[in-house]
$ cat upload21.txt   # compact mmCIF, C-alpha atoms
# COMPACT_ATOMS: atom_id res chain seq x y z
CA MET A 28 24.46 -21.18 50.37
CA ASN A 29 22.92 -18.25 52.24
CA LEU A 30 19.67 -16.94 50.77
CA TYR A 31 18.34 -13.50 51.74
CA TYR A 32 15.01 -11.92 50.85
CA PHE A 33 14.61 -8.15 50.36
CA GLU A 34 11.25 -6.37 50.18
CA ASN A 35 9.99 -2.77 50.39
CA GLY A 36 13.14 -1.29 51.95
CA HIS A 37 13.01 -3.57 55.03
CA ALA A 38 16.06 -5.30 56.46
CA PRO A 39 16.71 -8.57 54.61
CA ARG A 40 15.39 -11.84 55.99
CA LYS A 41 17.45 -14.98 55.77
CA LEU A 42 15.44 -17.82 54.27
CA ALA A 43 15.63 -21.27 55.77
CA GLU A 44 16.96 -24.14 53.68
CA GLY A 45 14.24 -25.37 51.34
CA GLU A 46 11.99 -22.37 52.03
CA ALA A 47 10.29 -21.08 48.89
CA PRO A 48 11.01 -17.42 48.18
CA PRO A 49 8.02 -15.04 48.29
CA ALA A 50 6.62 -13.62 45.08
CA GLY A 51 7.60 -9.95 45.60
CA GLY A 52 10.92 -8.29 46.34
CA PHE A 53 14.19 -9.84 45.25
CA LEU A 54 16.67 -12.47 46.40
CA TRP A 55 20.37 -12.50 47.18
CA ALA A 56 22.07 -15.90 46.95
CA ASP A 57 25.49 -15.74 48.59
CA LEU A 58 27.62 -18.80 47.80
CA VAL A 59 31.13 -19.79 48.86
CA ARG A 60 33.10 -20.86 45.80
CA GLU A 61 34.16 -24.25 47.18
CA ASP A 62 30.49 -25.22 47.71
CA ALA A 63 29.10 -23.68 44.53
CA GLN A 64 30.05 -26.24 41.89
CA ALA A 65 26.42 -26.86 40.88
CA TRP A 66 24.94 -23.46 41.65
CA PRO A 67 23.24 -23.08 38.20
CA CYS A 68 21.06 -26.09 39.04
CA TRP A 69 19.50 -24.02 41.82
CA ALA A 70 19.52 -20.66 40.04
CA GLU A 71 18.21 -21.49 36.56
CA PRO A 72 14.71 -22.63 37.66
CA ILE A 73 14.33 -19.43 39.72
CA VAL A 74 15.61 -16.93 37.17
CA ARG A 75 14.06 -18.92 34.30
CA THR A 76 17.02 -18.54 31.99
CA ALA A 77 20.06 -20.60 31.05
CA ILE A 78 23.42 -19.51 32.41
CA ASP A 79 26.35 -19.68 30.04
CA GLN A 80 28.75 -22.47 30.96
CA GLN A 81 31.77 -20.26 30.31
CA HIS A 82 30.38 -17.77 32.83
CA VAL A 83 29.93 -20.58 35.34
CA ASP A 84 33.54 -21.66 34.85
CA ASP A 85 34.72 -18.07 35.26
CA SER A 86 32.79 -17.70 38.50
CA LEU A 87 34.49 -20.79 39.94
CA ASN A 88 37.96 -19.55 39.02
CA ALA A 89 39.42 -18.07 42.21
CA ALA A 90 42.21 -16.26 40.30
CA HIS A 91 40.03 -14.69 37.62
CA PRO A 92 40.83 -10.98 37.08
CA SER A 93 38.20 -8.25 37.14
CA PHE A 94 35.97 -8.68 34.11
CA PHE A 95 32.48 -7.96 32.77
CA ASP A 96 30.37 -9.82 30.26
CA GLY A 97 26.70 -9.22 29.60
CA THR A 98 23.88 -11.22 28.09
CA PRO A 99 20.28 -10.28 27.21
CA ASP A 100 19.16 -11.95 30.46
CA TYR A 101 21.75 -11.01 33.08
CA ASP A 102 24.98 -9.16 33.83
CA MET A 103 28.08 -11.00 34.97
CA LEU A 104 30.74 -8.99 36.77
CA ILE A 105 33.89 -10.44 38.33
CA PHE A 106 35.65 -8.08 40.69
CA GLN A 107 38.92 -8.57 42.54
CA GLY A 108 39.02 -7.31 46.10
CA LEU A 109 41.52 -7.58 48.92
CA GLY A 110 42.04 -10.61 51.12
CA PRO A 111 41.30 -10.61 54.86
CA ARG A 112 44.77 -9.40 55.94
CA GLN A 113 45.13 -5.77 57.01
CA GLN A 114 48.83 -5.58 56.12
CA PRO A 115 49.56 -4.28 52.61
CA PHE A 116 52.53 -6.59 51.99
CA PRO A 117 52.16 -9.09 50.50
CA LEU A 118 49.07 -7.94 48.63
CA GLU A 119 46.36 -10.63 48.63
CA SER A 120 43.38 -10.51 46.29
CA ARG A 121 40.05 -12.36 46.23
CA SER A 122 37.70 -12.58 43.24
CA THR A 123 33.95 -12.27 43.69
CA ALA A 124 31.56 -13.07 40.85
CA PHE A 125 28.27 -11.15 40.56
CA PHE A 126 25.40 -12.51 38.48
CA ILE A 127 22.74 -9.81 38.35
CA PHE A 128 19.23 -10.76 37.25
CA LYS A 129 16.07 -8.68 37.47
CA ARG A 130 14.99 -10.14 40.80
CA VAL A 131 18.04 -12.15 41.89
CA LEU A 132 21.64 -11.39 42.76
CA VAL A 133 24.03 -14.34 42.93
CA THR A 134 27.49 -13.85 44.43
CA ILE A 135 30.19 -16.51 44.30
CA ARG A 136 33.06 -15.60 46.58
CA ALA A 137 36.00 -16.85 48.62
CA PRO A 138 35.17 -18.09 52.14
CA ASP A 139 37.18 -15.24 53.71
CA SER A 140 35.69 -12.42 51.64
CA VAL A 141 35.58 -9.66 54.25
CA SER A 142 33.63 -7.16 52.15
CA VAL A 143 30.71 -9.47 51.39
CA VAL A 144 30.47 -10.69 54.98
CA ASN A 145 30.60 -7.15 56.39
CA THR A 146 27.98 -5.88 53.94
CA CYS A 147 25.65 -8.74 54.83
CA SER A 148 26.15 -8.14 58.55
CA ARG A 149 25.42 -4.43 58.23
CA LEU A 150 22.27 -5.10 56.19
CA LEU A 151 20.96 -7.62 58.71
CA ASP A 152 21.65 -5.23 61.60
CA SER A 153 19.97 -2.33 59.75
CA ARG A 154 23.21 -0.33 59.85
CA LEU A 155 23.07 -0.14 56.06
CA LYS A 156 20.03 0.97 54.12
CA PRO A 157 18.48 -2.02 52.31
CA PRO A 158 18.74 -1.60 48.53
CA PRO A 159 15.60 -1.72 46.38
CA SER A 160 17.15 -3.84 43.60
CA PRO A 161 19.91 -6.40 42.90
CA LEU A 162 21.82 -3.72 40.99
CA LEU A 163 22.07 -1.46 44.03
CA LEU A 164 22.94 -4.40 46.28
CA ALA A 165 25.83 -5.25 43.94
CA HIS A 166 26.86 -1.59 44.13
CA GLN A 167 26.92 -1.71 47.94
CA ILE A 168 29.18 -4.78 47.95
CA LEU A 169 31.48 -3.26 45.33
CA ASP A 170 31.67 -0.06 47.36
CA ALA A 171 32.79 -2.04 50.41
CA MET A 172 35.41 -3.89 48.34
CA ILE A 173 36.87 -0.67 46.96
CA ASP A 174 36.88 1.01 50.38
CA ARG A 175 39.24 -1.70 51.61
CA PHE A 176 41.72 -0.67 48.92
CA LEU A 177 41.51 2.92 50.12
CA ALA A 178 42.06 1.76 53.71
CA ILE A 179 45.47 0.20 52.97
CA LYS A 180 46.88 3.40 51.45
CA GLU A 181 48.16 4.79 54.75
CA PRO A 182 49.84 1.61 56.08
CA MET A 183 51.36 0.97 52.64
CA ALA A 184 52.64 4.56 52.50
CA ASN A 185 54.21 4.16 55.96
CA VAL A 186 56.09 1.01 54.93
CA LEU A 187 57.27 2.50 51.64
CA THR A 188 58.34 5.75 53.34
CA GLU A 189 60.37 3.76 55.87
CA MET A 190 62.06 1.86 53.02
CA GLN A 191 62.88 5.09 51.19
CA ASP A 192 64.28 6.69 54.37
CA ASP A 193 66.52 3.66 54.95
CA LEU A 194 67.60 3.78 51.32
CA LEU A 195 68.71 7.41 51.58
CA ASP A 196 70.21 7.17 55.08
CA PRO A 197 74.04 7.02 54.76
CA SER A 198 74.31 5.44 58.20
CA THR A 199 72.32 2.38 57.10
CA PRO A 200 74.91 -0.40 56.74
CA MET A 201 73.12 -2.34 54.03
CA THR A 202 69.98 -1.88 51.94
CA ASP A 203 67.52 -4.78 51.81
CA TRP A 204 67.16 -4.77 48.04
CA ARG A 205 65.05 -7.92 47.96
CA ARG A 206 62.47 -6.38 50.29
CA LEU A 207 62.50 -3.18 48.26
CA LEU A 208 62.00 -5.02 44.96
CA GLU A 209 59.18 -7.10 46.46
CA ALA A 210 57.48 -3.91 47.63
CA ARG A 211 57.84 -2.40 44.15
CA LYS A 212 56.34 -5.55 42.66
CA GLU A 213 53.35 -5.33 45.00
CA VAL A 214 52.80 -1.66 44.14
CA ARG A 215 52.80 -2.51 40.45
CA ARG A 216 50.36 -5.34 41.16
CA LEU A 217 48.06 -2.89 42.95
CA GLU A 218 48.27 -0.65 39.90
CA ALA A 219 47.35 -3.55 37.59
CA LEU A 220 44.43 -4.53 39.87
CA ALA A 221 43.06 -0.99 39.79
CA GLU A 222 43.36 -0.78 36.01
CA SER A 223 41.44 -4.04 35.52
CA GLN A 224 38.78 -2.87 37.99
CA ILE A 225 38.27 0.37 36.08
CA GLU A 226 37.98 -1.52 32.80
CA ALA A 227 35.43 -3.93 34.29
CA LEU A 228 33.31 -1.15 35.82
CA ASP A 229 33.41 0.87 32.62
CA ALA A 230 32.41 -2.17 30.55
CA TRP A 231 29.58 -2.87 33.02
CA ARG A 232 28.33 0.70 32.75
CA ARG A 233 28.35 0.58 28.95
CA GLY A 234 27.19 -3.02 28.40
CA SER A 235 24.62 -3.66 31.12
CA GLN A 236 21.31 -5.07 29.94
CA PHE A 237 19.50 -3.01 32.60
CA ASP A 238 18.28 0.56 32.22
CA TRP A 239 20.28 2.51 34.75
CA SER A 240 18.87 5.54 36.50
CA LYS A 241 20.89 8.73 36.75
CA ALA A 242 21.42 8.06 40.45
CA LEU A 243 22.95 4.66 39.71
CA GLU A 244 25.13 6.18 36.97
CA VAL A 245 26.43 8.68 39.53
CA ARG A 246 27.10 5.93 42.07
CA VAL A 247 29.04 3.78 39.63
CA HIS A 248 30.96 6.83 38.44
CA ASP A 249 31.83 7.42 42.10
CA LEU A 250 33.15 3.84 42.31
CA VAL A 251 35.32 4.47 39.27
CA GLU A 252 36.65 7.67 40.86
CA HIS A 253 37.58 5.78 44.02
CA VAL A 254 39.43 3.15 42.01
CA ASN A 255 41.17 5.95 40.10
CA ARG A 256 42.39 7.30 43.43
CA VAL A 257 43.92 3.91 44.19
CA LEU A 258 45.45 3.78 40.71
CA ASN A 259 46.93 7.28 41.03
CA TYR A 260 48.25 6.42 44.48
CA ALA A 261 49.95 3.25 43.21
CA SER A 262 51.44 5.11 40.25
CA GLY A 263 52.73 7.83 42.58
CA GLN A 264 54.29 5.32 44.95
CA GLU A 265 56.01 3.57 42.08
CA ARG A 266 57.46 6.88 40.89
CA ASP A 267 58.60 7.69 44.44
CA LEU A 268 60.37 4.35 44.72
CA GLU A 269 62.10 4.88 41.39
CA ALA A 270 63.16 8.38 42.46
CA ALA A 271 64.44 7.08 45.81
CA VAL A 272 66.54 4.40 44.09
CA GLN A 273 67.99 6.98 41.71
CA LEU A 274 68.73 9.34 44.60
CA HIS A 275 70.39 6.48 46.48
CA PHE A 276 72.79 5.75 43.63
CA ALA A 277 73.38 9.45 43.08
CA SER A 278 74.24 9.80 46.76
CA VAL A 279 76.58 6.80 46.62
CA ALA A 280 78.27 8.23 43.51
CA HIS A 281 78.62 11.62 45.23
CA ARG A 282 80.23 10.06 48.30
CA THR A 283 82.55 8.04 46.07
CA ASN A 284 83.52 11.18 44.16
CA LYS A 285 84.31 13.01 47.41
CA ILE A 286 86.49 10.13 48.57
CA MET A 287 88.29 10.02 45.23
CA GLN A 288 88.77 13.79 45.37
CA VAL A 289 90.43 13.57 48.79
CA LEU A 290 92.63 10.69 47.65
CA THR A 291 93.62 12.63 44.53
CA VAL A 292 94.60 15.68 46.62
CA LEU A 293 96.66 13.50 48.98
CA SER A 294 98.35 11.87 45.98
CA ALA A 295 99.12 15.29 44.52
CA ILE A 296 100.65 16.43 47.82
CA PHE A 297 102.79 13.34 48.37
CA PHE A 298 103.93 12.93 44.76
CA PRO A 299 106.63 15.65 44.86
CA LEU A 300 107.62 14.58 48.37
CA THR A 301 108.05 11.04 47.19
CA LEU A 302 110.07 12.26 44.20
CA ILE A 303 112.50 14.19 46.44
CA VAL A 304 112.83 11.34 48.91
CA GLY A 305 113.42 8.95 46.00
CA ILE A 306 116.17 11.13 44.56
CA TYR A 307 118.06 11.36 47.83
CA GLY A 308 117.53 7.69 48.44
CA MET A 309 119.71 6.74 45.46
CA ASN A 310 123.07 5.19 46.35
CA PHE A 311 125.61 7.18 44.28
CA ASP A 312 129.04 8.19 45.60
CA ASN A 313 129.11 11.61 43.89
CA MET A 314 126.06 13.21 45.54
CA PRO A 315 127.39 16.42 47.17
CA GLU A 316 124.29 16.90 49.36
CA LEU A 317 125.12 13.70 51.20
CA HIS A 318 128.06 15.43 52.89
CA TRP A 319 126.16 18.56 54.01
CA HIS A 320 126.25 18.89 57.79
CA TYR A 321 122.68 20.18 57.90
CA GLY A 322 121.44 18.43 54.76
CA TYR A 323 118.97 16.24 56.65
CA TYR A 324 117.28 19.25 58.22
CA TYR A 325 117.29 21.14 54.91
CA ALA A 326 115.58 18.15 53.24
CA LEU A 327 112.96 17.91 55.99
CA GLY A 328 112.30 21.63 55.70
CA LEU A 329 111.96 21.39 51.94
CA LEU A 330 109.50 18.51 52.26
CA ALA A 331 107.47 20.39 54.87
CA ALA A 332 107.45 23.56 52.77
CA ILE A 333 106.34 21.80 49.59
CA GLY A 334 103.71 19.69 51.41
CA GLY A 335 102.36 22.70 53.33
CA SER A 336 102.23 24.88 50.21
CA LEU A 337 100.32 22.27 48.24
CA TYR A 338 97.95 21.69 51.17
CA TRP A 339 97.27 25.43 51.44
CA TYR A 340 96.74 25.71 47.67
CA PHE A 341 94.23 22.86 47.50
CA LYS A 342 92.44 24.07 50.63
CA ALA A 343 92.23 27.65 49.33
CA HIS A 344 90.72 26.41 46.09
CA LYS A 345 88.25 24.15 47.99
CA PHE A 346 89.41 20.88 46.50
CA PHE A 347 88.34 19.25 49.79
$ encode --input "upload21.txt" --output "structure tokens"
Amino acid sequence: MNLYYFENGHAPRKLAEGEAPPAGGFLWADLVREDAQAWPCWAEPIVRTAIDQQHVDDSLNAAHPSFFDGTPDYDMLIFQGLGPRQQPFPLESRSTAFFIFKRVLVTIRAPDSVSVVNTCSRLLDSRLKPPPSPLLLAHQILDAMIDRFLAIKEPMANVLTEMQDDLLDPSTPMTDWRRLLEARKEVRRLEALAESQIEALDAWRRGSQFDWSKALEVRVHDLVEHVNRVLNYASGQERDLEAAVQLHFASVAHRTNKIMQVLTVLSAIFFPLTLIVGIYGMNFDNMPELHWHYGYYYALGLLAAIGGSLYWYFKAHKFF
């Protein structure tokens, strides 16, 4: 567990193990989930309130979706952020639990939670203004988590655009449908993540036991707007993928129709030629044309005339 002490707008100070926290200011207890099995034993004597066991179990659940639940003594917010990978596929998520008391913020997170680590580093280096309360500290961490979702929009768009271009390129020998379906699944998962985040933030705003200032209301509303941008982006990408698939099949159907049209024209040209050749290929004794001296050349001329006339007719009427 890492314990940080905030006071009077100064950069936080990391407390040594066993060091008693000062009377003023507030504390941030940052715990890694694997080492936080008994964290209420430390927290309850400091915050002087009992922590609901169901909330404790939820905080230790690494796969818990974004969720808010409030009590008269504290707010509990679980928020799903991105994993440490920069690549958008596959989409990895990490849940961080926030327990917000009047003078204490407790975070239970995955060991590779990039947003929490970066926020802590920026606070210690004075690159980020120290917050005056646990509520605003939670807001800063949430802001960093949401910014990582915004950061993957461009690389995700590049991958999806490449897939759509390959899908619509007639020179592509084969479409990787499995990769395309996996990408569509990840986009829908991003959409579901954003929806649950919006619900959790909205429930937090409406059900918090703290009196929020107008400035904090504006900040949380800004968080919701950022998540809405991610949600709208995911919805748009899903629609683009659906449109690209439909265009692909429409293009394939169009190419097939053109091929069938050409084959139909060729069949129409060769049908009468085949009929004539079949007639003169019959083995009957009483066929007067068989004894014509120039019958062979007349037959060839007739075939060429009929074939050429049909070709000109179909070409003039733009059948191919």
$ closest_residue --input "upload21.txt" --among "A:Ser235, A:Gln191, A:Ser223, A:Asn255" --to "Leu208 in chain A" --atoms "only C-alpha atoms"
A:Gln191
$ closest_residue --input "upload21.txt" --among "A:His318, A:Ile73, A:Leu243, A:Phe347" --to "Lys285 in chain A" --atoms "all atoms listed in the file"
A:Phe347
$ residues_around --input "upload21.txt" --residues "Tyr101 in chain A" --least-positions-apart "4" --cutoff "7 Å" --atoms "only C-alpha atoms" --output "list in words"
Gly97, Phe126, Ile127, Phe128 and Gln236 of chain A
$ closest_residue --input "upload21.txt" --among "A:Leu54, A:Val141, A:Ile296, A:Leu187" --to "Met172 in chain A" --atoms "all atoms listed in the file"
A:Val141
$ residues_around --input "upload21.txt" --residues "Phe276 in chain A" --least-positions-apart "3" --cutoff "12 Å" --atoms "all atoms listed in the file" --output "ChimeraX atom specification"
/A:194-197,202,269-273,279-283
$ atom_distance --input "upload21.txt" --atom1 "CA of Asn185 in chain A" --atom2 "CA of Ala219 in chain A"
21.1 Å
$ closest_residue --input "upload21.txt" --among "A:Asn259, A:Ser142, A:Thr291, A:Thr301" --to "Val214 in chain A" --atoms "all atoms listed in the file"
A:Asn259
$ build_atoms --input "upload21.txt" --residues "range 140-172 of chain A" --atoms "N, CA and C atoms" --output "PDB file, in the frame of the given file"
ATOM      1  N   SER A 140      35.960 -13.709  52.275  1.00  0.00           N
ATOM      2  CA  SER A 140      35.690 -12.420  51.640  1.00  0.00           C
ATOM      3  C   SER A 140      35.122 -11.462  52.685  1.00  0.00           C
ATOM      4  N   VAL A 141      35.957 -10.558  53.164  1.00  0.00           N
ATOM      5  CA  VAL A 141      35.580  -9.660  54.250  1.00  0.00           C
ATOM      6  C   VAL A 141      34.477  -8.696  53.810  1.00  0.00           C
ATOM      7  N   SER A 142      34.579  -8.183  52.604  1.00  0.00           N
ATOM      8  CA  SER A 142      33.630  -7.160  52.150  1.00  0.00           C
ATOM      9  C   SER A 142      32.214  -7.690  52.062  1.00  0.00           C
ATOM     10  N   VAL A 143      32.049  -8.894  51.513  1.00  0.00           N
ATOM     11  CA  VAL A 143      30.710  -9.470  51.390  1.00  0.00           C
ATOM     12  C   VAL A 143      30.131  -9.773  52.767  1.00  0.00           C
ATOM     13  N   VAL A 144      30.944 -10.352  53.633  1.00  0.00           N
ATOM     14  CA  VAL A 144      30.470 -10.690  54.980  1.00  0.00           C
ATOM     15  C   VAL A 144      30.082  -9.436  55.750  1.00  0.00           C
ATOM     16  N   ASN A 145      30.903  -8.398  55.677  1.00  0.00           N
ATOM     17  CA  ASN A 145      30.600  -7.150  56.390  1.00  0.00           C
ATOM     18  C   ASN A 145      29.346  -6.481  55.850  1.00  0.00           C
ATOM     19  N   THR A 146      29.179  -6.477  54.529  1.00  0.00           N
ATOM     20  CA  THR A 146      27.980  -5.880  53.940  1.00  0.00           C
ATOM     21  C   THR A 146      26.732  -6.624  54.388  1.00  0.00           C
ATOM     22  N   CYS A 147      26.797  -7.936  54.379  1.00  0.00           N
ATOM     23  CA  CYS A 147      25.650  -8.740  54.830  1.00  0.00           C
ATOM     24  C   CYS A 147      25.327  -8.463  56.295  1.00  0.00           C
ATOM     25  N   SER A 148      26.366  -8.394  57.125  1.00  0.00           N
ATOM     26  CA  SER A 148      26.150  -8.140  58.550  1.00  0.00           C
ATOM     27  C   SER A 148      25.518  -6.762  58.781  1.00  0.00           C
ATOM     28  N   ARG A 149      25.966  -5.774  58.062  1.00  0.00           N
ATOM     29  CA  ARG A 149      25.420  -4.430  58.230  1.00  0.00           C
ATOM     30  C   ARG A 149      23.970  -4.344  57.727  1.00  0.00           C
ATOM     31  N   LEU A 150      23.656  -5.083  56.680  1.00  0.00           N
ATOM     32  CA  LEU A 150      22.270  -5.100  56.190  1.00  0.00           C
ATOM     33  C   LEU A 150      21.344  -5.792  57.192  1.00  0.00           C
ATOM     34  N   LEU A 151      21.805  -6.897  57.757  1.00  0.00           N
ATOM     35  CA  LEU A 151      20.960  -7.620  58.710  1.00  0.00           C
ATOM     36  C   LEU A 151      20.748  -6.826  59.990  1.00  0.00           C
ATOM     37  N   ASP A 152      21.750  -6.029  60.388  1.00  0.00           N
ATOM     38  CA  ASP A 152      21.650  -5.230  61.600  1.00  0.00           C
ATOM     39  C   ASP A 152      21.034  -3.854  61.360  1.00  0.00           C
ATOM     40  N   SER A 153      20.590  -3.611  60.129  1.00  0.00           N
ATOM     41  CA  SER A 153      19.970  -2.330  59.750  1.00  0.00           C
ATOM     42  C   SER A 153      20.940  -1.156  59.888  1.00  0.00           C
ATOM     43  N   ARG A 154      22.236  -1.415  59.859  1.00  0.00           N
ATOM     44  CA  ARG A 154      23.210  -0.330  59.850  1.00  0.00           C
ATOM     45  C   ARG A 154      23.434   0.201  58.441  1.00  0.00           C
ATOM     46  N   LEU A 155      22.945  -0.533  57.461  1.00  0.00           N
ATOM     47  CA  LEU A 155      23.070  -0.140  56.060  1.00  0.00           C
ATOM     48  C   LEU A 155      21.678  -0.167  55.448  1.00  0.00           C
ATOM     49  N   LYS A 156      21.358   0.886  54.709  1.00  0.00           N
ATOM     50  CA  LYS A 156      20.030   0.970  54.120  1.00  0.00           C
ATOM     51  C   LYS A 156      19.816  -0.154  53.114  1.00  0.00           C
ATOM     52  N   PRO A 157      18.722  -0.925  53.251  1.00  0.00           N
ATOM     53  CA  PRO A 157      18.480  -2.020  52.310  1.00  0.00           C
ATOM     54  C   PRO A 157      18.259  -1.488  50.898  1.00  0.00           C
ATOM     55  N   PRO A 158      18.896  -2.082  49.908  1.00  0.00           N
ATOM     56  CA  PRO A 158      18.740  -1.600  48.530  1.00  0.00           C
ATOM     57  C   PRO A 158      17.412  -2.060  47.937  1.00  0.00           C
ATOM     58  N   PRO A 159      16.875  -1.328  46.983  1.00  0.00           N
ATOM     59  CA  PRO A 159      15.600  -1.720  46.380  1.00  0.00           C
ATOM     60  C   PRO A 159      15.739  -2.677  45.200  1.00  0.00           C
ATOM     61  N   SER A 160      16.986  -2.984  44.780  1.00  0.00           N
ATOM     62  CA  SER A 160      17.150  -3.840  43.600  1.00  0.00           C
ATOM     63  C   SER A 160      18.471  -4.586  43.685  1.00  0.00           C
ATOM     64  N   PRO A 161      18.623  -5.687  42.930  1.00  0.00           N
ATOM     65  CA  PRO A 161      19.910  -6.400  42.900  1.00  0.00           C
ATOM     66  C   PRO A 161      21.060  -5.532  42.402  1.00  0.00           C
ATOM     67  N   LEU A 162      20.769  -4.604  41.479  1.00  0.00           N
ATOM     68  CA  LEU A 162      21.820  -3.720  40.990  1.00  0.00           C
ATOM     69  C   LEU A 162      22.433  -2.883  42.112  1.00  0.00           C
ATOM     70  N   LEU A 163      21.571  -2.304  42.945  1.00  0.00           N
ATOM     71  CA  LEU A 163      22.070  -1.460  44.030  1.00  0.00           C
ATOM     72  C   LEU A 163      22.731  -2.292  45.125  1.00  0.00           C
ATOM     73  N   LEU A 164      22.272  -3.521  45.316  1.00  0.00           N
ATOM     74  CA  LEU A 164      22.940  -4.400  46.280  1.00  0.00           C
ATOM     75  C   LEU A 164      24.352  -4.722  45.791  1.00  0.00           C
ATOM     76  N   ALA A 165      24.486  -5.020  44.501  1.00  0.00           N
ATOM     77  CA  ALA A 165      25.830  -5.250  43.940  1.00  0.00           C
ATOM     78  C   ALA A 165      26.700  -4.015  44.115  1.00  0.00           C
ATOM     79  N   HIS A 166      26.107  -2.832  43.944  1.00  0.00           N
ATOM     80  CA  HIS A 166      26.860  -1.590  44.130  1.00  0.00           C
ATOM     81  C   HIS A 166      27.349  -1.462  45.567  1.00  0.00           C
ATOM     82  N   GLN A 167      26.516  -1.804  46.542  1.00  0.00           N
ATOM     83  CA  GLN A 167      26.920  -1.710  47.940  1.00  0.00           C
ATOM     84  C   GLN A 167      28.106  -2.630  48.238  1.00  0.00           C
ATOM     85  N   ILE A 168      28.075  -3.843  47.714  1.00  0.00           N
ATOM     86  CA  ILE A 168      29.180  -4.780  47.950  1.00  0.00           C
ATOM     87  C   ILE A 168      30.447  -4.280  47.265  1.00  0.00           C
ATOM     88  N   LEU A 169      30.309  -3.790  46.043  1.00  0.00           N
ATOM     89  CA  LEU A 169      31.480  -3.260  45.330  1.00  0.00           C
ATOM     90  C   LEU A 169      32.067  -2.061  46.063  1.00  0.00           C
ATOM     91  N   ASP A 170      31.207  -1.228  46.610  1.00  0.00           N
ATOM     92  CA  ASP A 170      31.670  -0.060  47.360  1.00  0.00           C
ATOM     93  C   ASP A 170      32.495  -0.492  48.561  1.00  0.00           C
ATOM     94  N   ALA A 171      32.041  -1.537  49.265  1.00  0.00           N
ATOM     95  CA  ALA A 171      32.790  -2.040  50.410  1.00  0.00           C
ATOM     96  C   ALA A 171      34.131  -2.634  49.982  1.00  0.00           C
ATOM     97  N   MET A 172      34.160  -3.301  48.836  1.00  0.00           N
ATOM     98  CA  MET A 172      35.410  -3.890  48.340  1.00  0.00           C
ATOM     99  C   MET A 172      36.419  -2.802  47.991  1.00  0.00           C
TER     100      MET A 172
END
